$ cat entry_6.cif   # mmCIF, C-alpha atoms, pLDDT in the B column; chains and numbers go by the auth columns
data_structure
#
loop_
_atom_site.group_PDB
_atom_site.id
_atom_site.type_symbol
_atom_site.label_atom_id
_atom_site.label_comp_id
_atom_site.label_asym_id
_atom_site.label_seq_id
_atom_site.Cartn_x
_atom_site.Cartn_y
_atom_site.Cartn_z
_atom_site.B_iso_or_equiv
_atom_site.auth_seq_id
_atom_site.auth_asym_id
ATOM 1 C CA MET A 1 21.758 -2.335 -3.881 41.00 1 A
ATOM 2 C CA GLN A 2 21.636 -5.356 -1.573 43.00 2 A
ATOM 3 C CA ALA A 3 18.368 -5.311 0.315 43.00 3 A
ATOM 4 C CA SER A 4 18.179 -9.028 1.018 43.00 4 A
ATOM 5 C CA LEU A 5 15.385 -9.067 3.567 47.00 5 A
ATOM 6 C CA GLU A 6 12.049 -10.698 2.757 46.00 6 A
ATOM 7 C CA ILE A 7 9.630 -7.990 3.840 48.00 7 A
ATOM 8 C CA ASP A 8 6.420 -8.759 1.948 51.00 8 A
ATOM 9 C CA GLY A 9 3.918 -9.010 4.788 51.00 9 A
ATOM 10 C CA GLY A 10 6.606 -8.158 7.350 50.00 10 A
ATOM 11 C CA GLY A 11 7.086 -11.812 8.297 55.00 11 A
ATOM 12 C CA GLY A 12 10.791 -11.935 7.401 77.00 12 A
ATOM 13 C CA LEU A 13 11.818 -9.143 9.779 83.00 13 A
ATOM 14 C CA THR A 14 13.012 -9.330 13.348 89.00 14 A
ATOM 15 C CA ASP A 15 11.594 -6.888 15.896 90.00 15 A
ATOM 16 C CA ARG A 16 14.939 -5.074 15.904 92.00 16 A
ATOM 17 C CA GLN A 17 14.871 -4.649 12.122 92.00 17 A
ATOM 18 C CA LYS A 18 11.319 -3.299 12.328 90.00 18 A
ATOM 19 C CA ASP A 19 12.494 -0.776 14.923 92.00 19 A
ATOM 20 C CA VAL A 20 15.246 0.376 12.555 93.00 20 A
ATOM 21 C CA LEU A 21 12.838 0.763 9.629 92.00 21 A
ATOM 22 C CA ASN A 22 10.386 2.682 11.789 89.00 22 A
ATOM 23 C CA ALA A 23 13.251 4.976 12.821 91.00 23 A
ATOM 24 C CA ALA A 24 14.112 5.500 9.153 90.00 24 A
ATOM 25 C CA LEU A 25 10.495 6.362 8.364 86.00 25 A
ATOM 26 C CA ARG A 26 10.376 8.888 11.210 86.00 26 A
ATOM 27 C CA LEU A 27 13.543 10.518 9.886 87.00 27 A
ATOM 28 C CA LEU A 28 12.012 10.730 6.422 79.00 28 A
ATOM 29 C CA VAL A 29 9.107 12.653 7.919 77.00 29 A
ATOM 30 C CA GLU A 30 11.485 15.007 9.730 81.00 30 A
ATOM 31 C CA GLU A 31 14.321 15.397 7.221 77.00 31 A
ATOM 32 C CA GLY A 32 13.029 14.239 3.842 71.00 32 A
ATOM 33 C CA ASP A 33 15.785 13.631 1.309 67.00 33 A
ATOM 34 C CA ARG A 34 18.550 14.387 3.841 74.00 34 A
ATOM 35 C CA LEU A 35 18.230 10.924 5.381 78.00 35 A
ATOM 36 C CA THR A 36 21.642 9.257 5.847 88.00 36 A
ATOM 37 C CA MET A 37 22.822 5.899 7.144 92.00 37 A
ATOM 38 C CA THR A 38 24.596 7.742 9.958 93.00 38 A
ATOM 39 C CA ALA A 39 21.404 9.500 11.027 93.00 39 A
ATOM 40 C CA VAL A 40 19.408 6.262 10.951 94.00 40 A
ATOM 41 C CA ALA A 41 22.080 4.432 12.971 94.00 41 A
ATOM 42 C CA ARG A 42 22.068 7.232 15.546 93.00 42 A
ATOM 43 C CA ARG A 43 18.259 7.364 15.779 93.00 43 A
ATOM 44 C CA ALA A 44 17.917 3.570 15.968 93.00 44 A
ATOM 45 C CA SER A 45 20.856 3.163 18.396 93.00 45 A
ATOM 46 C CA CYS A 46 22.689 0.690 16.187 92.00 46 A
ATOM 47 C CA SER A 47 25.942 0.672 14.240 93.00 47 A
ATOM 48 C CA LYS A 48 26.315 1.642 10.603 93.00 48 A
ATOM 49 C CA GLU A 49 27.969 -1.724 10.076 94.00 49 A
ATOM 50 C CA THR A 50 24.734 -3.415 11.118 94.00 50 A
ATOM 51 C CA LEU A 51 22.738 -1.275 8.687 94.00 51 A
ATOM 52 C CA TYR A 52 25.071 -2.142 5.826 94.00 52 A
ATOM 53 C CA LYS A 53 24.915 -5.832 6.748 93.00 53 A
ATOM 54 C CA TRP A 54 21.102 -5.831 6.732 93.00 54 A
ATOM 55 C CA PHE A 55 20.321 -3.438 3.887 92.00 55 A
ATOM 56 C CA GLY A 56 23.447 -3.172 1.745 91.00 56 A
ATOM 57 C CA ASP A 57 23.483 0.600 1.252 89.00 57 A
ATOM 58 C CA ARG A 58 21.269 3.684 1.476 86.00 58 A
ATOM 59 C CA ASP A 59 19.158 2.599 -1.519 82.00 59 A
ATOM 60 C CA GLY A 60 18.734 -0.808 0.064 87.00 60 A
ATOM 61 C CA LEU A 61 17.537 0.847 3.245 89.00 61 A
ATOM 62 C CA LEU A 62 15.088 3.030 1.316 83.00 62 A
ATOM 63 C CA THR A 63 13.810 -0.045 -0.531 84.00 63 A
ATOM 64 C CA ALA A 64 13.287 -1.848 2.768 88.00 64 A
ATOM 65 C CA THR A 65 11.396 1.108 4.257 85.00 65 A
ATOM 66 C CA VAL A 66 9.061 1.189 1.245 83.00 66 A
ATOM 67 C CA GLN A 67 8.520 -2.569 1.473 84.00 67 A
ATOM 68 C CA TRP A 68 7.881 -2.322 5.222 86.00 68 A
ATOM 69 C CA GLN A 69 5.328 0.444 4.716 82.00 69 A
ATOM 70 C CA ALA A 70 3.605 -1.465 1.880 82.00 70 A
ATOM 71 C CA SER A 71 3.487 -4.658 3.971 83.00 71 A
ATOM 72 C CA LYS A 72 0.931 -2.929 6.208 83.00 72 A
ATOM 73 C CA VAL A 73 -1.588 -3.253 3.368 85.00 73 A
ATOM 74 C CA ARG A 74 -2.818 -6.802 3.814 83.00 74 A
ATOM 75 C CA VAL A 75 -4.794 -9.019 1.487 81.00 75 A
ATOM 76 C CA ALA A 76 -7.022 -11.459 3.308 77.00 76 A
ATOM 77 C CA PRO A 77 -6.321 -14.972 2.007 76.00 77 A
ATOM 78 C CA VAL A 78 -9.135 -16.663 0.138 81.00 78 A
ATOM 79 C CA ASP A 79 -9.740 -20.286 -0.765 84.00 79 A
ATOM 80 C CA ARG A 80 -9.815 -20.325 -4.571 84.00 80 A
ATOM 81 C CA ALA A 81 -12.156 -23.301 -4.520 85.00 81 A
ATOM 82 C CA ARG A 82 -14.564 -21.800 -1.995 88.00 82 A
ATOM 83 C CA ILE A 83 -14.395 -18.058 -2.554 93.00 83 A
ATOM 84 C CA ASP A 84 -17.829 -16.474 -2.361 94.00 84 A
ATOM 85 C CA LEU A 85 -19.245 -12.955 -2.300 95.00 85 A
ATOM 86 C CA PRO A 86 -18.837 -12.439 1.481 94.00 86 A
ATOM 87 C CA SER A 87 -15.188 -13.551 1.491 93.00 87 A
ATOM 88 C CA LEU A 88 -14.438 -11.499 -1.636 95.00 88 A
ATOM 89 C CA THR A 89 -16.087 -8.430 -0.122 96.00 89 A
ATOM 90 C CA ALA A 90 -14.158 -8.870 3.140 94.00 90 A
ATOM 91 C CA SER A 91 -10.853 -9.181 1.289 94.00 91 A
ATOM 92 C CA LEU A 92 -11.499 -6.060 -0.808 96.00 92 A
ATOM 93 C CA ASP A 93 -12.752 -4.075 2.202 96.00 93 A
ATOM 94 C CA GLY A 94 -9.679 -4.994 4.225 94.00 94 A
ATOM 95 C CA PHE A 95 -7.278 -4.124 1.415 94.00 95 A
ATOM 96 C CA ALA A 96 -8.970 -0.764 0.806 95.00 96 A
ATOM 97 C CA SER A 97 -9.054 0.120 4.498 95.00 97 A
ATOM 98 C CA ASP A 98 -5.387 -0.748 5.033 93.00 98 A
ATOM 99 C CA TRP A 99 -4.310 1.148 1.933 91.00 99 A
ATOM 100 C CA LEU A 100 -6.219 4.289 2.873 92.00 100 A
ATOM 101 C CA SER A 101 -4.684 4.141 6.359 91.00 101 A
ATOM 102 C CA VAL A 102 -1.188 3.816 4.912 88.00 102 A
ATOM 103 C CA ILE A 103 -1.380 6.542 2.255 88.00 103 A
ATOM 104 C CA SER A 104 -2.876 9.023 4.718 89.00 104 A
ATOM 105 C CA SER A 105 -0.084 8.496 7.257 87.00 105 A
ATOM 106 C CA GLU A 106 2.654 11.098 7.706 83.00 106 A
ATOM 107 C CA THR A 107 5.330 8.550 6.839 82.00 107 A
ATOM 108 C CA SER A 108 3.849 7.616 3.468 85.00 108 A
ATOM 109 C CA ILE A 109 3.241 11.259 2.571 86.00 109 A
ATOM 110 C CA ALA A 110 6.865 12.111 3.370 82.00 110 A
ATOM 111 C CA LEU A 111 8.216 9.088 1.492 81.00 111 A
ATOM 112 C CA ASN A 112 6.169 9.852 -1.614 85.00 112 A
ATOM 113 C CA ARG A 113 7.123 13.526 -1.547 84.00 113 A
ATOM 114 C CA VAL A 114 10.815 12.590 -1.527 79.00 114 A
ATOM 115 C CA ALA A 115 10.290 10.141 -4.398 80.00 115 A
ATOM 116 C CA ILE A 116 8.401 12.736 -6.458 82.00 116 A
ATOM 117 C CA ALA A 117 11.005 15.431 -5.768 78.00 117 A
ATOM 118 C CA ARG A 118 13.764 13.158 -7.072 72.00 118 A
ATOM 119 C CA ALA A 119 11.832 11.694 -10.006 72.00 119 A
ATOM 120 C CA GLY A 120 13.492 12.209 -13.392 65.00 120 A
ATOM 121 C CA SER A 121 16.782 13.450 -11.940 62.00 121 A
ATOM 122 C CA ASP A 122 17.461 10.765 -9.356 53.00 122 A
ATOM 123 C CA GLY A 123 20.238 8.426 -10.340 51.00 123 A
ATOM 124 C CA HIS A 124 19.262 6.126 -7.473 53.00 124 A
ATOM 125 C CA GLY A 125 15.681 5.684 -8.690 66.00 125 A
ATOM 126 C CA LEU A 126 13.687 6.163 -5.492 72.00 126 A
ATOM 127 C CA GLY A 127 10.586 6.697 -7.641 78.00 127 A
ATOM 128 C CA ALA A 128 11.127 3.282 -9.231 79.00 128 A
ATOM 129 C CA ILE A 129 11.661 1.776 -5.769 79.00 129 A
ATOM 130 C CA VAL A 130 8.360 3.221 -4.553 82.00 130 A
ATOM 131 C CA LEU A 131 6.501 2.002 -7.651 82.00 131 A
ATOM 132 C CA GLU A 132 7.970 -1.503 -7.636 82.00 132 A
ATOM 133 C CA ASN A 133 7.635 -2.139 -3.911 77.00 133 A
ATOM 134 C CA GLY A 134 4.465 -0.146 -3.390 81.00 134 A
ATOM 135 C CA ARG A 135 1.767 -0.012 -6.039 85.00 135 A
ATOM 136 C CA ILE A 136 3.150 -2.836 -8.226 88.00 136 A
ATOM 137 C CA ALA A 137 3.722 -5.138 -5.244 86.00 137 A
ATOM 138 C CA LEU A 138 0.180 -4.475 -4.029 88.00 138 A
ATOM 139 C CA ALA A 139 -1.157 -5.413 -7.458 92.00 139 A
ATOM 140 C CA ARG A 140 0.719 -8.718 -7.300 91.00 140 A
ATOM 141 C CA ARG A 141 -0.992 -9.476 -3.987 89.00 141 A
ATOM 142 C CA LEU A 142 -4.548 -8.541 -4.942 93.00 142 A
ATOM 143 C CA LYS A 143 -4.754 -9.764 -8.548 95.00 143 A
ATOM 144 C CA PRO A 144 -4.873 -13.468 -7.546 94.00 144 A
ATOM 145 C CA VAL A 145 -7.957 -12.686 -5.432 95.00 145 A
ATOM 146 C CA LEU A 146 -9.622 -10.902 -8.351 96.00 146 A
ATOM 147 C CA GLU A 147 -8.763 -13.754 -10.719 96.00 147 A
ATOM 148 C CA ALA A 148 -10.070 -16.369 -8.271 95.00 148 A
ATOM 149 C CA ALA A 149 -13.333 -14.429 -8.012 96.00 149 A
ATOM 150 C CA ARG A 150 -13.564 -14.257 -11.801 96.00 150 A
ATOM 151 C CA ASP A 151 -12.979 -18.013 -12.078 94.00 151 A
ATOM 152 C CA LYS A 152 -15.865 -18.582 -9.651 94.00 152 A
ATOM 153 C CA GLY A 153 -18.170 -16.317 -11.656 95.00 153 A
ATOM 154 C CA LEU A 154 -18.271 -13.519 -9.081 96.00 154 A
ATOM 155 C CA LEU A 155 -16.439 -10.948 -11.216 97.00 155 A
ATOM 156 C CA ALA A 156 -16.369 -10.344 -14.963 96.00 156 A
ATOM 157 C CA PHE A 157 -13.307 -8.749 -16.584 96.00 157 A
ATOM 158 C CA ASP A 158 -10.867 -9.461 -19.390 96.00 158 A
ATOM 159 C CA ASP A 159 -7.710 -8.013 -17.877 96.00 159 A
ATOM 160 C CA ALA A 160 -6.746 -8.246 -14.191 96.00 160 A
ATOM 161 C CA GLU A 161 -4.513 -5.168 -14.394 96.00 161 A
ATOM 162 C CA THR A 162 -7.386 -3.034 -15.679 97.00 162 A
ATOM 163 C CA ALA A 163 -9.687 -4.341 -12.951 97.00 163 A
ATOM 164 C CA PHE A 164 -7.043 -3.677 -10.292 96.00 164 A
ATOM 165 C CA ARG A 165 -6.479 -0.131 -11.532 96.00 165 A
ATOM 166 C CA SER A 166 -10.210 0.523 -11.383 97.00 166 A
ATOM 167 C CA PHE A 167 -10.398 -0.661 -7.786 97.00 167 A
ATOM 168 C CA PHE A 168 -7.275 1.299 -6.857 94.00 168 A
ATOM 169 C CA GLY A 169 -8.810 4.445 -8.320 94.00 169 A
ATOM 170 C CA LEU A 170 -12.085 3.949 -6.484 96.00 170 A
ATOM 171 C CA VAL A 171 -10.215 3.555 -3.213 95.00 171 A
ATOM 172 C CA ALA A 172 -7.813 6.474 -3.652 90.00 172 A
ATOM 173 C CA ARG A 173 -10.092 8.993 -5.372 91.00 173 A
ATOM 174 C CA ASP A 174 -8.278 12.323 -4.901 92.00 174 A
ATOM 175 C CA VAL A 175 -7.123 11.597 -1.353 91.00 175 A
ATOM 176 C CA GLN A 176 -3.444 10.914 -2.039 88.00 176 A
ATOM 177 C CA ILE A 177 -2.845 13.861 -4.361 90.00 177 A
ATOM 178 C CA ARG A 178 -4.562 16.224 -1.922 92.00 178 A
ATOM 179 C CA LEU A 179 -2.364 15.009 0.919 89.00 179 A
ATOM 180 C CA LEU A 180 0.811 15.278 -1.173 89.00 180 A
ATOM 181 C CA LEU A 181 -0.098 18.866 -2.055 91.00 181 A
ATOM 182 C CA GLY A 182 -0.456 19.827 1.592 89.00 182 A
ATOM 183 C CA ASP A 183 -4.169 19.398 2.274 89.00 183 A
ATOM 184 C CA ARG A 184 -4.505 18.808 6.008 84.00 184 A
ATOM 185 C CA LEU A 185 -7.158 16.178 5.421 85.00 185 A
ATOM 186 C CA LYS A 186 -7.444 13.911 8.442 86.00 186 A
ATOM 187 C CA LEU A 187 -9.231 10.609 7.904 88.00 187 A
ATOM 188 C CA THR A 188 -10.726 9.021 11.000 92.00 188 A
ATOM 189 C CA GLU A 189 -10.886 5.262 11.390 93.00 189 A
ATOM 190 C CA ALA A 190 -14.659 5.429 10.826 95.00 190 A
ATOM 191 C CA GLU A 191 -14.233 7.487 7.640 94.00 191 A
ATOM 192 C CA ILE A 192 -11.610 5.082 6.320 95.00 192 A
ATOM 193 C CA GLY A 193 -13.928 2.126 6.970 95.00 193 A
ATOM 194 C CA ARG A 194 -16.835 3.891 5.280 96.00 194 A
ATOM 195 C CA ASP A 195 -14.790 4.913 2.227 96.00 195 A
ATOM 196 C CA ALA A 196 -13.279 1.434 1.905 96.00 196 A
ATOM 197 C CA ALA A 197 -16.708 -0.201 1.966 97.00 197 A
ATOM 198 C CA LEU A 198 -18.006 2.294 -0.584 97.00 198 A
ATOM 199 C CA ALA A 199 -15.102 1.600 -2.955 97.00 199 A
ATOM 200 C CA THR A 200 -15.771 -2.127 -2.693 97.00 200 A
ATOM 201 C CA ARG A 201 -19.483 -1.702 -3.453 97.00 201 A
ATOM 202 C CA GLN A 202 -18.723 0.546 -6.416 97.00 202 A
ATOM 203 C CA PHE A 203 -16.206 -1.975 -7.743 98.00 203 A
ATOM 204 C CA LEU A 204 -18.740 -4.789 -7.469 97.00 204 A
ATOM 205 C CA ALA A 205 -21.275 -2.622 -9.301 96.00 205 A
ATOM 206 C CA LEU A 206 -18.759 -2.179 -12.144 96.00 206 A
ATOM 207 C CA TYR A 207 -17.235 -5.650 -12.348 97.00 207 A
ATOM 208 C CA GLY A 208 -19.586 -7.923 -10.442 94.00 208 A
ATOM 209 C CA ALA A 209 -21.242 -10.777 -12.293 86.00 209 A
ATOM 210 C CA ASN A 210 -24.862 -11.635 -11.619 68.00 210 A
ATOM 211 C CA ASP A 211 -25.622 -11.482 -7.869 58.00 211 A
ATOM 212 C CA SER A 212 -22.450 -9.577 -6.953 54.00 212 A
ATOM 213 C CA ARG A 213 -23.243 -6.841 -9.471 55.00 213 A
ATOM 214 C CA ASP A 214 -26.769 -6.535 -8.095 54.00 214 A
ATOM 215 C CA GLU A 215 -25.378 -6.399 -4.541 53.00 215 A
ATOM 216 C CA GLY A 216 -22.987 -3.592 -5.427 49.00 216 A
ATOM 217 C CA ARG A 217 -25.708 -1.551 -7.102 49.00 217 A
ATOM 218 C CA LYS A 218 -28.213 -2.121 -4.298 50.00 218 A
ATOM 219 C CA HIS A 219 -25.830 -0.717 -1.672 48.00 219 A
ATOM 220 C CA LYS A 220 -24.245 1.972 -3.793 48.00 220 A
ATOM 221 C CA HIS A 221 -23.807 5.236 -1.902 47.00 221 A
ATOM 222 C CA PRO A 222 -26.432 7.743 -3.038 43.00 222 A
ATOM 223 C CA SER A 223 -23.846 10.469 -3.651 44.00 223 A
ATOM 224 C CA SER A 224 -21.564 8.298 -5.816 41.00 224 A
#
$ encode --input "entry_6.cif" --output "structure tokens"
Amino acid sequence: MQASLEIDGGGGLTDRQKDVLNAALRLLVEEGDRLTMTAVARRASCSKETLYKWFGDRDGLLTATVQWQASKVRVAPVDRARIDLPSLTASLDGFASDWLSVISSETSIALNRVAIARAGSDGHGLGAIVLENGRIALARRLKPVLEAARDKGLLAFDDAETAFRSFFGLVARDVQIRLLLGDRLKLTEAEIGRDAALATRQFLALYGANDSRDEGRKHKHPSS
């Protein structure tokens, strides 16, 4: 596999490369595991030689599509020296909102279904690609924010991975599994914003130190 593009955040891609990856994602929705380099080249109106030059092979292309999809989940930068409760809350809210938008999209549902279908019997390891460039990559982006907040006394936890998993669970709830199983759940932008804010408040109620814990409890949703 020779996916050599720097895609984290999408900044290393040209507009043409983004068009190709979007075409590949649309094909995944339509055709699932039958996606081929030939089909992507035809859909994106480019040559297979160009695809091989950019992505190396089919696995490289799949890796790039996962990275491109995951890059849509942003983590607002924070100043480690000046991070405070408002900036922490904004960063967590933004992450949660982006992630809910991504996992509820048709492209992510299709991509994850293909990965699950091939898990355990897939010699190419699409499941590992999705894990490494999706959930694990997102953890690498958010953990520094959590650790900076802990260093400033805003959060209290011993292990950043455990704290990240807690936040991830509060954001996802049962949404992703329901969508993967065919639930026609449609999240509006307003619902995504509400659920993201709720997950952030619940996380602060669990891991917040002093004022941030009180803030999370004070605004906790009555049904949670």
$ residues_near_point --input "entry_6.cif" --point "(-17.4, 5.6, 2.2)" --cutoff "12 Å" --atoms "all atoms listed in the file" --output "ChimeraX atom specification"
/A:93,96-97,100,170-173,187-202,219-224
$ resolve_selection --input "entry_6.cif" --expression "the PyMOL selection byres ((chain A and resi 91) around 8)" --output "list in words"
Val75, Ala76, Pro77, Val78, Ser87, Leu88, Thr89, Ala90, Leu92, Asp93, Gly94 and Phe95 of chain A
$ resolve_selection --input "entry_6.cif" --expression "the PyMOL selection byres ((chain A and resi 108-120) around 7)" --output "NGL selection string"
:A and (28-29 or 32-33 or 102-107 or 121-122 or 126-127 or 179-180)
$ resolve_selection --input "entry_6.cif" --expression "the PyMOL selection byres ((chain A and resi 143-155) around 7)" --output "VMD selection string"
chain A and resid 78 80 83 85 139 to 142 156 to 157 160 164 207 to 209 212
$ axis_aligned_box --input "entry_6.cif" --around "segment 110-113 of chain A" --padding-each-side "4 Å" --output "lines of an AutoDock Vina configuration file"
center_x = 7.2
center_y = 11.3
center_z = 0.9
size_x = 10.0
size_y = 12.4
size_z = 13.0
$ atom_distance --input "entry_6.cif" --atom1 "atom CA of Asn133 of chain A" --atom2 "atom CA of Gln67 of chain A"
5.5 Å
$ closest_residue --input "entry_6.cif" --among "A:Lys48, A:Arg58, A:Arg74, A:Arg42" --to "Asp98 of chain A" --atoms "all atoms listed in the file"
A:Arg74
